[in-house]
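Listing of final28.cif; format and content: mmCIF, N, CA and C atoms.
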```
data_entry
loop_
_atom_site.label_atom_id
_atom_site.label_comp_id
_atom_site.auth_asym_id
_atom_site.auth_seq_id
_atom_site.Cartn_x
_atom_site.Cartn_y
_atom_site.Cartn_z
N GLN F 1 -25.70 -81.38 -130.33
CA GLN F 1 -25.19 -81.47 -128.97
C GLN F 1 -25.84 -80.37 -128.13
N VAL F 2 -26.45 -80.79 -127.04
CA VAL F 2 -27.14 -79.85 -126.17
C VAL F 2 -26.14 -79.22 -125.20
N GLN F 3 -26.19 -77.91 -125.12
CA GLN F 3 -25.37 -77.19 -124.14
C GLN F 3 -26.23 -76.15 -123.46
N LEU F 4 -26.08 -76.08 -122.14
CA LEU F 4 -26.76 -75.08 -121.33
C LEU F 4 -25.69 -74.34 -120.54
N VAL F 5 -25.66 -73.03 -120.69
CA VAL F 5 -24.62 -72.24 -120.03
C VAL F 5 -25.29 -71.18 -119.17
N GLU F 6 -25.13 -71.34 -117.85
CA GLU F 6 -25.72 -70.38 -116.92
C GLU F 6 -24.76 -69.24 -116.63
N SER F 7 -25.34 -68.11 -116.28
CA SER F 7 -24.55 -66.96 -115.85
C SER F 7 -25.44 -66.07 -114.99
N GLY F 8 -24.82 -65.12 -114.32
CA GLY F 8 -25.58 -64.14 -113.57
C GLY F 8 -25.56 -64.30 -112.07
N GLY F 9 -24.96 -65.36 -111.59
CA GLY F 9 -24.90 -65.54 -110.15
C GLY F 9 -23.93 -64.55 -109.51
N GLY F 10 -23.93 -64.55 -108.19
CA GLY F 10 -23.03 -63.65 -107.48
C GLY F 10 -23.43 -63.50 -106.03
N LEU F 11 -22.81 -62.51 -105.41
CA LEU F 11 -23.07 -62.19 -104.00
C LEU F 11 -24.01 -61.00 -103.94
N VAL F 12 -25.07 -61.14 -103.17
CA VAL F 12 -26.05 -60.07 -103.05
C VAL F 12 -26.54 -60.01 -101.61
N GLN F 13 -26.92 -58.83 -101.17
CA GLN F 13 -27.46 -58.69 -99.82
C GLN F 13 -28.91 -59.15 -99.79
N ALA F 14 -29.35 -59.59 -98.63
CA ALA F 14 -30.74 -59.98 -98.46
C ALA F 14 -31.65 -58.82 -98.87
N GLY F 15 -32.71 -59.17 -99.59
CA GLY F 15 -33.61 -58.16 -100.12
C GLY F 15 -33.27 -57.71 -101.52
N GLY F 16 -32.10 -58.08 -101.99
CA GLY F 16 -31.67 -57.67 -103.31
C GLY F 16 -32.18 -58.57 -104.41
N SER F 17 -31.71 -58.31 -105.62
CA SER F 17 -32.17 -59.04 -106.80
C SER F 17 -30.99 -59.51 -107.65
N LEU F 18 -31.23 -60.58 -108.37
CA LEU F 18 -30.30 -61.08 -109.37
C LEU F 18 -31.12 -61.64 -110.52
N ARG F 19 -30.53 -61.63 -111.72
CA ARG F 19 -31.15 -62.30 -112.84
C ARG F 19 -30.18 -63.33 -113.40
N LEU F 20 -30.60 -64.57 -113.39
CA LEU F 20 -29.80 -65.65 -113.95
C LEU F 20 -30.21 -65.87 -115.40
N SER F 21 -29.23 -66.24 -116.20
CA SER F 21 -29.47 -66.54 -117.61
C SER F 21 -29.02 -67.95 -117.92
N CYS F 22 -29.71 -68.59 -118.82
CA CYS F 22 -29.34 -69.92 -119.31
C CYS F 22 -29.37 -69.87 -120.83
N ALA F 23 -28.21 -69.76 -121.43
CA ALA F 23 -28.12 -69.74 -122.89
C ALA F 23 -28.04 -71.17 -123.40
N ALA F 24 -28.97 -71.52 -124.27
CA ALA F 24 -29.07 -72.89 -124.75
C ALA F 24 -28.61 -73.00 -126.20
N SER F 25 -27.99 -74.11 -126.50
CA SER F 25 -27.66 -74.46 -127.89
C SER F 25 -27.97 -75.93 -128.09
N GLY F 26 -28.30 -76.27 -129.32
CA GLY F 26 -28.65 -77.65 -129.62
C GLY F 26 -30.12 -77.96 -129.39
N ILE F 27 -30.85 -77.03 -128.81
CA ILE F 27 -32.29 -77.16 -128.62
C ILE F 27 -32.93 -75.81 -128.89
N ILE F 28 -34.24 -75.82 -128.99
CA ILE F 28 -35.00 -74.57 -129.13
C ILE F 28 -35.81 -74.41 -127.86
N VAL F 29 -35.49 -73.39 -127.09
CA VAL F 29 -36.11 -73.28 -125.76
C VAL F 29 -37.62 -73.10 -125.86
N SER F 30 -38.09 -72.46 -126.92
CA SER F 30 -39.53 -72.25 -127.05
C SER F 30 -40.26 -73.54 -127.36
N ASP F 31 -39.55 -74.58 -127.73
CA ASP F 31 -40.12 -75.88 -128.05
C ASP F 31 -39.80 -76.91 -126.97
N SER F 32 -39.40 -76.40 -125.79
CA SER F 32 -38.91 -77.29 -124.74
C SER F 32 -39.47 -76.88 -123.39
N THR F 33 -39.54 -77.85 -122.49
CA THR F 33 -39.77 -77.53 -121.08
C THR F 33 -38.43 -77.28 -120.44
N MET F 34 -38.27 -76.10 -119.90
CA MET F 34 -37.00 -75.71 -119.30
C MET F 34 -37.22 -75.45 -117.81
N GLY F 35 -36.21 -75.79 -117.02
CA GLY F 35 -36.35 -75.60 -115.60
C GLY F 35 -35.11 -75.01 -114.96
N TRP F 36 -35.32 -74.41 -113.82
CA TRP F 36 -34.24 -73.97 -112.94
C TRP F 36 -34.33 -74.79 -111.66
N TYR F 37 -33.19 -75.33 -111.25
CA TYR F 37 -33.07 -76.07 -110.01
C TYR F 37 -32.00 -75.39 -109.17
N ARG F 38 -31.98 -75.73 -107.89
CA ARG F 38 -30.91 -75.24 -107.04
C ARG F 38 -30.50 -76.33 -106.05
N GLN F 39 -29.27 -76.21 -105.60
CA GLN F 39 -28.74 -77.15 -104.62
C GLN F 39 -27.90 -76.40 -103.61
N ALA F 40 -28.35 -76.43 -102.38
CA ALA F 40 -27.60 -75.81 -101.29
C ALA F 40 -26.65 -76.86 -100.70
N PRO F 41 -25.59 -76.43 -100.05
CA PRO F 41 -24.63 -77.38 -99.46
C PRO F 41 -25.33 -78.35 -98.52
N GLY F 42 -25.07 -79.64 -98.72
CA GLY F 42 -25.63 -80.65 -97.85
C GLY F 42 -27.08 -80.98 -98.11
N LYS F 43 -27.65 -80.38 -99.15
CA LYS F 43 -29.06 -80.63 -99.45
C LYS F 43 -29.23 -81.20 -100.84
N GLN F 44 -30.40 -81.79 -101.07
CA GLN F 44 -30.68 -82.33 -102.40
C GLN F 44 -31.02 -81.21 -103.37
N ARG F 45 -30.79 -81.49 -104.64
CA ARG F 45 -31.16 -80.53 -105.68
C ARG F 45 -32.69 -80.45 -105.70
N GLU F 46 -33.21 -79.23 -105.80
CA GLU F 46 -34.66 -79.05 -105.79
C GLU F 46 -35.10 -78.16 -106.96
N LEU F 47 -36.32 -78.42 -107.40
CA LEU F 47 -36.89 -77.64 -108.48
C LEU F 47 -37.28 -76.25 -107.97
N VAL F 48 -36.90 -75.24 -108.73
CA VAL F 48 -37.26 -73.87 -108.39
C VAL F 48 -38.40 -73.38 -109.27
N ALA F 49 -38.25 -73.57 -110.58
CA ALA F 49 -39.27 -73.06 -111.51
C ALA F 49 -39.14 -73.78 -112.84
N ILE F 50 -40.27 -73.89 -113.53
CA ILE F 50 -40.25 -74.44 -114.88
C ILE F 50 -41.10 -73.57 -115.79
N ILE F 51 -40.80 -73.64 -117.08
CA ILE F 51 -41.62 -72.99 -118.10
C ILE F 51 -41.82 -74.00 -119.21
N ILE F 52 -43.08 -74.22 -119.58
CA ILE F 52 -43.36 -75.22 -120.60
C ILE F 52 -43.56 -74.55 -121.95
N VAL F 53 -43.79 -75.35 -122.98
CA VAL F 53 -43.86 -74.85 -124.34
C VAL F 53 -44.91 -73.74 -124.48
N SER F 54 -46.05 -73.94 -123.83
CA SER F 54 -47.14 -72.95 -123.95
C SER F 54 -46.82 -71.65 -123.24
N GLY F 55 -45.78 -71.66 -122.43
CA GLY F 55 -45.43 -70.47 -121.66
C GLY F 55 -45.92 -70.50 -120.23
N ILE F 56 -46.69 -71.53 -119.90
CA ILE F 56 -47.15 -71.68 -118.52
C ILE F 56 -45.95 -71.92 -117.61
N THR F 57 -46.00 -71.31 -116.44
CA THR F 57 -44.90 -71.43 -115.49
C THR F 57 -45.38 -72.03 -114.18
N ARG F 58 -44.46 -72.67 -113.49
CA ARG F 58 -44.74 -73.23 -112.17
C ARG F 58 -43.55 -72.94 -111.27
N TYR F 59 -43.84 -72.74 -109.97
CA TYR F 59 -42.79 -72.38 -109.03
C TYR F 59 -42.87 -73.21 -107.76
N ALA F 60 -41.73 -73.38 -107.14
CA ALA F 60 -41.71 -73.94 -105.80
C ALA F 60 -42.38 -72.95 -104.86
N ASP F 61 -43.05 -73.47 -103.85
CA ASP F 61 -43.75 -72.59 -102.91
C ASP F 61 -42.81 -71.58 -102.27
N SER F 62 -41.58 -71.99 -102.06
CA SER F 62 -40.62 -71.13 -101.36
C SER F 62 -40.22 -69.89 -102.16
N VAL F 63 -40.48 -69.90 -103.46
CA VAL F 63 -40.06 -68.76 -104.29
C VAL F 63 -41.23 -68.05 -104.96
N LYS F 64 -42.43 -68.55 -104.79
CA LYS F 64 -43.61 -67.93 -105.43
C LYS F 64 -43.73 -66.47 -105.01
N GLY F 65 -43.98 -65.63 -106.00
CA GLY F 65 -44.13 -64.20 -105.73
C GLY F 65 -42.82 -63.45 -105.70
N ARG F 66 -41.70 -64.18 -105.68
CA ARG F 66 -40.38 -63.52 -105.64
C ARG F 66 -39.56 -63.80 -106.90
N PHE F 67 -39.71 -64.99 -107.46
CA PHE F 67 -38.92 -65.38 -108.64
C PHE F 67 -39.83 -65.44 -109.87
N THR F 68 -39.26 -65.16 -111.01
CA THR F 68 -39.99 -65.24 -112.27
C THR F 68 -39.11 -65.91 -113.33
N ILE F 69 -39.63 -66.98 -113.92
CA ILE F 69 -38.93 -67.64 -115.02
C ILE F 69 -39.51 -67.11 -116.33
N SER F 70 -38.65 -66.88 -117.29
CA SER F 70 -39.09 -66.39 -118.59
C SER F 70 -38.12 -66.86 -119.66
N ARG F 71 -38.45 -66.62 -120.89
CA ARG F 71 -37.55 -66.99 -121.98
C ARG F 71 -37.57 -65.92 -123.06
N ASP F 72 -36.46 -65.81 -123.74
CA ASP F 72 -36.33 -64.93 -124.90
C ASP F 72 -36.07 -65.85 -126.10
N ASN F 73 -37.08 -66.02 -126.90
CA ASN F 73 -36.97 -66.97 -128.02
C ASN F 73 -35.91 -66.53 -129.02
N ALA F 74 -35.79 -65.25 -129.24
CA ALA F 74 -34.80 -64.76 -130.21
C ALA F 74 -33.38 -65.05 -129.75
N LYS F 75 -33.17 -65.01 -128.45
CA LYS F 75 -31.83 -65.28 -127.90
C LYS F 75 -31.68 -66.74 -127.48
N ASN F 76 -32.76 -67.50 -127.58
CA ASN F 76 -32.74 -68.89 -127.16
C ASN F 76 -32.20 -69.04 -125.73
N THR F 77 -32.71 -68.19 -124.87
CA THR F 77 -32.22 -68.08 -123.50
C THR F 77 -33.39 -68.09 -122.52
N VAL F 78 -33.17 -68.74 -121.40
CA VAL F 78 -34.14 -68.78 -120.31
C VAL F 78 -33.58 -67.98 -119.15
N TYR F 79 -34.43 -67.25 -118.48
CA TYR F 79 -34.01 -66.39 -117.38
C TYR F 79 -34.70 -66.79 -116.08
N LEU F 80 -34.07 -66.42 -114.99
CA LEU F 80 -34.70 -66.53 -113.68
C LEU F 80 -34.45 -65.20 -112.97
N GLN F 81 -35.49 -64.39 -112.88
CA GLN F 81 -35.41 -63.14 -112.14
C GLN F 81 -35.71 -63.44 -110.69
N MET F 82 -34.79 -63.08 -109.83
CA MET F 82 -34.93 -63.38 -108.40
C MET F 82 -34.95 -62.07 -107.63
N ASN F 83 -36.06 -61.80 -106.98
CA ASN F 83 -36.23 -60.59 -106.18
C ASN F 83 -36.42 -60.94 -104.71
N SER F 84 -36.25 -59.97 -103.87
CA SER F 84 -36.43 -60.16 -102.43
C SER F 84 -35.68 -61.39 -101.93
N LEU F 85 -34.44 -61.46 -102.31
CA LEU F 85 -33.64 -62.64 -101.98
C LEU F 85 -33.43 -62.78 -100.49
N LYS F 86 -33.41 -64.04 -100.06
CA LYS F 86 -33.22 -64.38 -98.65
C LYS F 86 -31.98 -65.25 -98.51
N SER F 87 -31.48 -65.35 -97.30
CA SER F 87 -30.30 -66.19 -97.08
C SER F 87 -30.59 -67.64 -97.47
N GLY F 88 -31.82 -68.05 -97.32
CA GLY F 88 -32.20 -69.42 -97.68
C GLY F 88 -32.17 -69.69 -99.18
N ASP F 89 -32.00 -68.64 -99.98
CA ASP F 89 -31.88 -68.82 -101.43
C ASP F 89 -30.45 -69.12 -101.86
N THR F 90 -29.52 -69.04 -100.90
CA THR F 90 -28.13 -69.34 -101.22
C THR F 90 -27.98 -70.77 -101.71
N ALA F 91 -27.45 -70.92 -102.91
CA ALA F 91 -27.33 -72.25 -103.52
C ALA F 91 -26.63 -72.11 -104.87
N ALA F 92 -26.26 -73.26 -105.41
CA ALA F 92 -25.86 -73.30 -106.81
C ALA F 92 -27.13 -73.51 -107.63
N TYR F 93 -27.29 -72.70 -108.67
CA TYR F 93 -28.49 -72.76 -109.50
C TYR F 93 -28.14 -73.39 -110.85
N TYR F 94 -28.99 -74.31 -111.28
CA TYR F 94 -28.74 -75.08 -112.49
C TYR F 94 -29.91 -74.97 -113.45
N CYS F 95 -29.58 -74.84 -114.71
CA CYS F 95 -30.56 -74.88 -115.78
C CYS F 95 -30.75 -76.34 -116.20
N ASN F 96 -31.98 -76.70 -116.56
CA ASN F 96 -32.29 -78.09 -116.86
C ASN F 96 -33.15 -78.21 -118.11
N TYR F 97 -32.86 -79.25 -118.87
CA TYR F 97 -33.68 -79.60 -120.03
C TYR F 97 -33.81 -81.11 -120.08
N ASN F 98 -35.04 -81.60 -120.26
CA ASN F 98 -35.28 -83.03 -120.43
C ASN F 98 -35.80 -83.27 -121.83
N SER F 99 -35.07 -84.06 -122.59
CA SER F 99 -35.48 -84.31 -123.97
C SER F 99 -36.65 -85.29 -124.02
N ARG F 100 -37.29 -85.33 -125.16
CA ARG F 100 -38.45 -86.22 -125.33
C ARG F 100 -38.05 -87.69 -125.23
N ASP F 101 -36.78 -87.99 -125.50
CA ASP F 101 -36.35 -89.40 -125.42
C ASP F 101 -35.77 -89.75 -124.06
N GLY F 102 -35.97 -88.85 -123.09
CA GLY F 102 -35.61 -89.19 -121.72
C GLY F 102 -34.23 -88.77 -121.27
N GLN F 103 -33.50 -88.05 -122.10
CA GLN F 103 -32.19 -87.57 -121.69
C GLN F 103 -32.34 -86.32 -120.83
N THR F 104 -31.53 -86.21 -119.80
CA THR F 104 -31.53 -85.04 -118.92
C THR F 104 -30.23 -84.27 -119.10
N TYR F 105 -30.36 -82.97 -119.28
CA TYR F 105 -29.19 -82.12 -119.47
C TYR F 105 -29.16 -81.04 -118.39
N TRP F 106 -27.96 -80.76 -117.93
CA TRP F 106 -27.73 -79.74 -116.92
C TRP F 106 -26.65 -78.79 -117.39
N GLY F 107 -26.79 -77.55 -116.96
CA GLY F 107 -25.69 -76.63 -117.14
C GLY F 107 -24.66 -76.84 -116.06
N GLN F 108 -23.62 -76.02 -116.08
CA GLN F 108 -22.53 -76.18 -115.11
C GLN F 108 -22.87 -75.56 -113.77
N GLY F 109 -23.92 -74.76 -113.73
CA GLY F 109 -24.35 -74.12 -112.48
C GLY F 109 -23.76 -72.74 -112.30
N THR F 110 -24.48 -71.92 -111.56
CA THR F 110 -24.00 -70.60 -111.19
C THR F 110 -24.33 -70.38 -109.72
N GLN F 111 -23.37 -69.86 -108.99
CA GLN F 111 -23.50 -69.76 -107.54
C GLN F 111 -24.19 -68.46 -107.15
N VAL F 112 -25.14 -68.58 -106.25
CA VAL F 112 -25.82 -67.41 -105.68
C VAL F 112 -25.59 -67.44 -104.16
N VAL F 113 -25.07 -66.35 -103.65
CA VAL F 113 -24.84 -66.21 -102.21
C VAL F 113 -25.57 -64.97 -101.74
N VAL F 114 -26.47 -65.17 -100.79
CA VAL F 114 -27.24 -64.07 -100.24
C VAL F 114 -26.76 -63.82 -98.81
N SER F 115 -26.24 -62.65 -98.58
CA SER F 115 -25.74 -62.31 -97.26
C SER F 115 -26.83 -61.62 -96.45
N SER F 116 -26.88 -61.97 -95.17
CA SER F 116 -27.92 -61.39 -94.31
C SER F 116 -27.39 -60.21 -93.53
#
```
Would it be possible to restate this file's structure as structure tokens?
Amino acid sequence: QVQLVESGGGLVQAGGSLRLSCAASGIIVSDSTMGWYRQAPGKQRELVAIIIVSGITRYADSVKGRFTISRDNAKNTVYLQMNSLKSGDTAAYYCNYNSRDGQTYWGQGTQVVVSS
């Protein structure tokens, strides 16, 4: 059974930093493509960052240079380090895993609020 549990969200001032964590069970993150998505009120869920098996990462243009996705294989956890936060980063952030057989899994989400 796949479970993704996010943590680390909160309220931060513009310019500040947060680190989100996604603890995974039922999968091996180093053998998976893992992603972070976000959804702001009234908007569609959007891709923020992904990390593939080889360790290559990709980012949405809006977060390039500010956010970093990484993983700790020993802890089976994926992180999203968010620096230089802006009010536009306010959203619920979700961890994502897509299995090879086409199943999509989401965590419960963690809320990030950036005050200006």
Starting from the displayed file, determine the output of the PyMOL selection byres (((chain F and resi 99-115 and name CA) around 6) and name CA) and express the residue list as a PyMOL selection string. chain F and resi 4-7+9-14+87+90-98+116
Proximity to Asp31 of chain F - best of F:Val48, F:Ser54, F:Ser17, F:Gln3, only N, CA and C atoms: F:Ser54
Backbone-only DSSP, strand (DSSP E or B) members of chain F, as number ranges by chain: F: 3-7, 10-13, 18-25, 34-39, 46-51, 57-59, 67-72, 77-82, 91-98, 104-106, 110-115
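Restricting the calculation to all atoms listed in the file, the smallest distance between Gly26 of chain F and any of F:Leu47, F:Ile56, F:Ala40, F:Val2 is found for F:Val2.
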Picked residues, the PyMOL selection byres (((chain F and resi 78 and name CA) around 12) and name CA), as a ChimeraX atom specification: /F:4-8,19-25,27-30,32-36,49-52,55,68-77,79-81,94-97,107
For the selection just defined, write its residues with N, CA and C atoms to a file, as a compact mmCIF listing (two decimals), keeping the file's coordinate frame.
```txt
# COMPACT_ATOMS: atom_id res chain seq x y z
N LEU F 4 -26.08 -76.08 -122.14
CA LEU F 4 -26.76 -75.08 -121.33
C LEU F 4 -25.69 -74.34 -120.54
N VAL F 5 -25.66 -73.03 -120.69
CA VAL F 5 -24.62 -72.24 -120.03
C VAL F 5 -25.29 -71.18 -119.17
N GLU F 6 -25.13 -71.34 -117.85
CA GLU F 6 -25.72 -70.38 -116.92
C GLU F 6 -24.76 -69.24 -116.63
N SER F 7 -25.34 -68.11 -116.28
CA SER F 7 -24.55 -66.96 -115.85
C SER F 7 -25.44 -66.07 -114.99
N GLY F 8 -24.82 -65.12 -114.32
CA GLY F 8 -25.58 -64.14 -113.57
C GLY F 8 -25.56 -64.30 -112.07
N ARG F 19 -30.53 -61.63 -111.72
CA ARG F 19 -31.15 -62.30 -112.84
C ARG F 19 -30.18 -63.33 -113.40
N LEU F 20 -30.60 -64.57 -113.39
CA LEU F 20 -29.80 -65.65 -113.95
C LEU F 20 -30.21 -65.87 -115.40
N SER F 21 -29.23 -66.24 -116.20
CA SER F 21 -29.47 -66.54 -117.61
C SER F 21 -29.02 -67.95 -117.92
N CYS F 22 -29.71 -68.59 -118.82
CA CYS F 22 -29.34 -69.92 -119.31
C CYS F 22 -29.37 -69.87 -120.83
N ALA F 23 -28.21 -69.76 -121.43
CA ALA F 23 -28.12 -69.74 -122.89
C ALA F 23 -28.04 -71.17 -123.40
N ALA F 24 -28.97 -71.52 -124.27
CA ALA F 24 -29.07 -72.89 -124.75
C ALA F 24 -28.61 -73.00 -126.20
N SER F 25 -27.99 -74.11 -126.50
CA SER F 25 -27.66 -74.46 -127.89
C SER F 25 -27.97 -75.93 -128.09
N ILE F 27 -30.85 -77.03 -128.81
CA ILE F 27 -32.29 -77.16 -128.62
C ILE F 27 -32.93 -75.81 -128.89
N ILE F 28 -34.24 -75.82 -128.99
CA ILE F 28 -35.00 -74.57 -129.13
C ILE F 28 -35.81 -74.41 -127.86
N VAL F 29 -35.49 -73.39 -127.09
CA VAL F 29 -36.11 -73.28 -125.76
C VAL F 29 -37.62 -73.10 -125.86
N SER F 30 -38.09 -72.46 -126.92
CA SER F 30 -39.53 -72.25 -127.05
C SER F 30 -40.26 -73.54 -127.36
N SER F 32 -39.40 -76.40 -125.79
CA SER F 32 -38.91 -77.29 -124.74
C SER F 32 -39.47 -76.88 -123.39
N THR F 33 -39.54 -77.85 -122.49
CA THR F 33 -39.77 -77.53 -121.08
C THR F 33 -38.43 -77.28 -120.44
N MET F 34 -38.27 -76.10 -119.90
CA MET F 34 -37.00 -75.71 -119.30
C MET F 34 -37.22 -75.45 -117.81
N GLY F 35 -36.21 -75.79 -117.02
CA GLY F 35 -36.35 -75.60 -115.60
C GLY F 35 -35.11 -75.01 -114.96
N TRP F 36 -35.32 -74.41 -113.82
CA TRP F 36 -34.24 -73.97 -112.94
C TRP F 36 -34.33 -74.79 -111.66
N ALA F 49 -38.25 -73.57 -110.58
CA ALA F 49 -39.27 -73.06 -111.51
C ALA F 49 -39.14 -73.78 -112.84
N ILE F 50 -40.27 -73.89 -113.53
CA ILE F 50 -40.25 -74.44 -114.88
C ILE F 50 -41.10 -73.57 -115.79
N ILE F 51 -40.80 -73.64 -117.08
CA ILE F 51 -41.62 -72.99 -118.10
C ILE F 51 -41.82 -74.00 -119.21
N ILE F 52 -43.08 -74.22 -119.58
CA ILE F 52 -43.36 -75.22 -120.60
C ILE F 52 -43.56 -74.55 -121.95
N GLY F 55 -45.78 -71.66 -122.43
CA GLY F 55 -45.43 -70.47 -121.66
C GLY F 55 -45.92 -70.50 -120.23
N THR F 68 -39.26 -65.16 -111.01
CA THR F 68 -39.99 -65.24 -112.27
C THR F 68 -39.11 -65.91 -113.33
N ILE F 69 -39.63 -66.98 -113.92
CA ILE F 69 -38.93 -67.64 -115.02
C ILE F 69 -39.51 -67.11 -116.33
N SER F 70 -38.65 -66.88 -117.29
CA SER F 70 -39.09 -66.39 -118.59
C SER F 70 -38.12 -66.86 -119.66
N ARG F 71 -38.45 -66.62 -120.89
CA ARG F 71 -37.55 -66.99 -121.98
C ARG F 71 -37.57 -65.92 -123.06
N ASP F 72 -36.46 -65.81 -123.74
CA ASP F 72 -36.33 -64.93 -124.90
C ASP F 72 -36.07 -65.85 -126.10
N ASN F 73 -37.08 -66.02 -126.90
CA ASN F 73 -36.97 -66.97 -128.02
C ASN F 73 -35.91 -66.53 -129.02
N ALA F 74 -35.79 -65.25 -129.24
CA ALA F 74 -34.80 -64.76 -130.21
C ALA F 74 -33.38 -65.05 -129.75
N LYS F 75 -33.17 -65.01 -128.45
CA LYS F 75 -31.83 -65.28 -127.90
C LYS F 75 -31.68 -66.74 -127.48
N ASN F 76 -32.76 -67.50 -127.58
CA ASN F 76 -32.74 -68.89 -127.16
C ASN F 76 -32.20 -69.04 -125.73
N THR F 77 -32.71 -68.19 -124.87
CA THR F 77 -32.22 -68.08 -123.50
C THR F 77 -33.39 -68.09 -122.52
N TYR F 79 -34.43 -67.25 -118.48
CA TYR F 79 -34.01 -66.39 -117.38
C TYR F 79 -34.70 -66.79 -116.08
N LEU F 80 -34.07 -66.42 -114.99
CA LEU F 80 -34.70 -66.53 -113.68
C LEU F 80 -34.45 -65.20 -112.97
N GLN F 81 -35.49 -64.39 -112.88
CA GLN F 81 -35.41 -63.14 -112.14
C GLN F 81 -35.71 -63.44 -110.69
N TYR F 94 -28.99 -74.31 -111.28
CA TYR F 94 -28.74 -75.08 -112.49
C TYR F 94 -29.91 -74.97 -113.45
N CYS F 95 -29.58 -74.84 -114.71
CA CYS F 95 -30.56 -74.88 -115.78
C CYS F 95 -30.75 -76.34 -116.20
N ASN F 96 -31.98 -76.70 -116.56
CA ASN F 96 -32.29 -78.09 -116.86
C ASN F 96 -33.15 -78.21 -118.11
N TYR F 97 -32.86 -79.25 -118.87
CA TYR F 97 -33.68 -79.60 -120.03
C TYR F 97 -33.81 -81.11 -120.08
N GLY F 107 -26.79 -77.55 -116.96
CA GLY F 107 -25.69 -76.63 -117.14
C GLY F 107 -24.66 -76.84 -116.06
```
With distances taken over only C-alpha atoms, which residue among F:Ser62, F:Thr57, F:Gln1, F:Gln44 lies nearest Ser84 of chain F? F:Ser62
Would you compute the box with edges along x, y and z of the file around segment 74-88 of chain F, including every atom the file lists for it and 4 Å extra on each side, and give its centre and edge lengths in Å to one decimal, as lines of an AutoDock Vina configuration file?
```
center_x = -33.4
center_y = -64.8
center_z = -113.6
size_x = 14.1
size_y = 17.7
size_z = 41.1
```
Pick from F:Tyr37, F:Asp89, F:Gly42, F:Gly15: nearest to Tyr59 of chain F, with only C-alpha atoms counted? F:Tyr37
Find the residues around Arg66 of chain F up to 8 Å (only C-alpha atoms counted), leave out those fewer than 3 positions away in its own chain, and share them as a PyMOL selection string. chain F and resi 63+82-85
In Å, how far is it from atom C of Glu46 of chain F to atom C of Gly16 of chain F? 20.0 Å
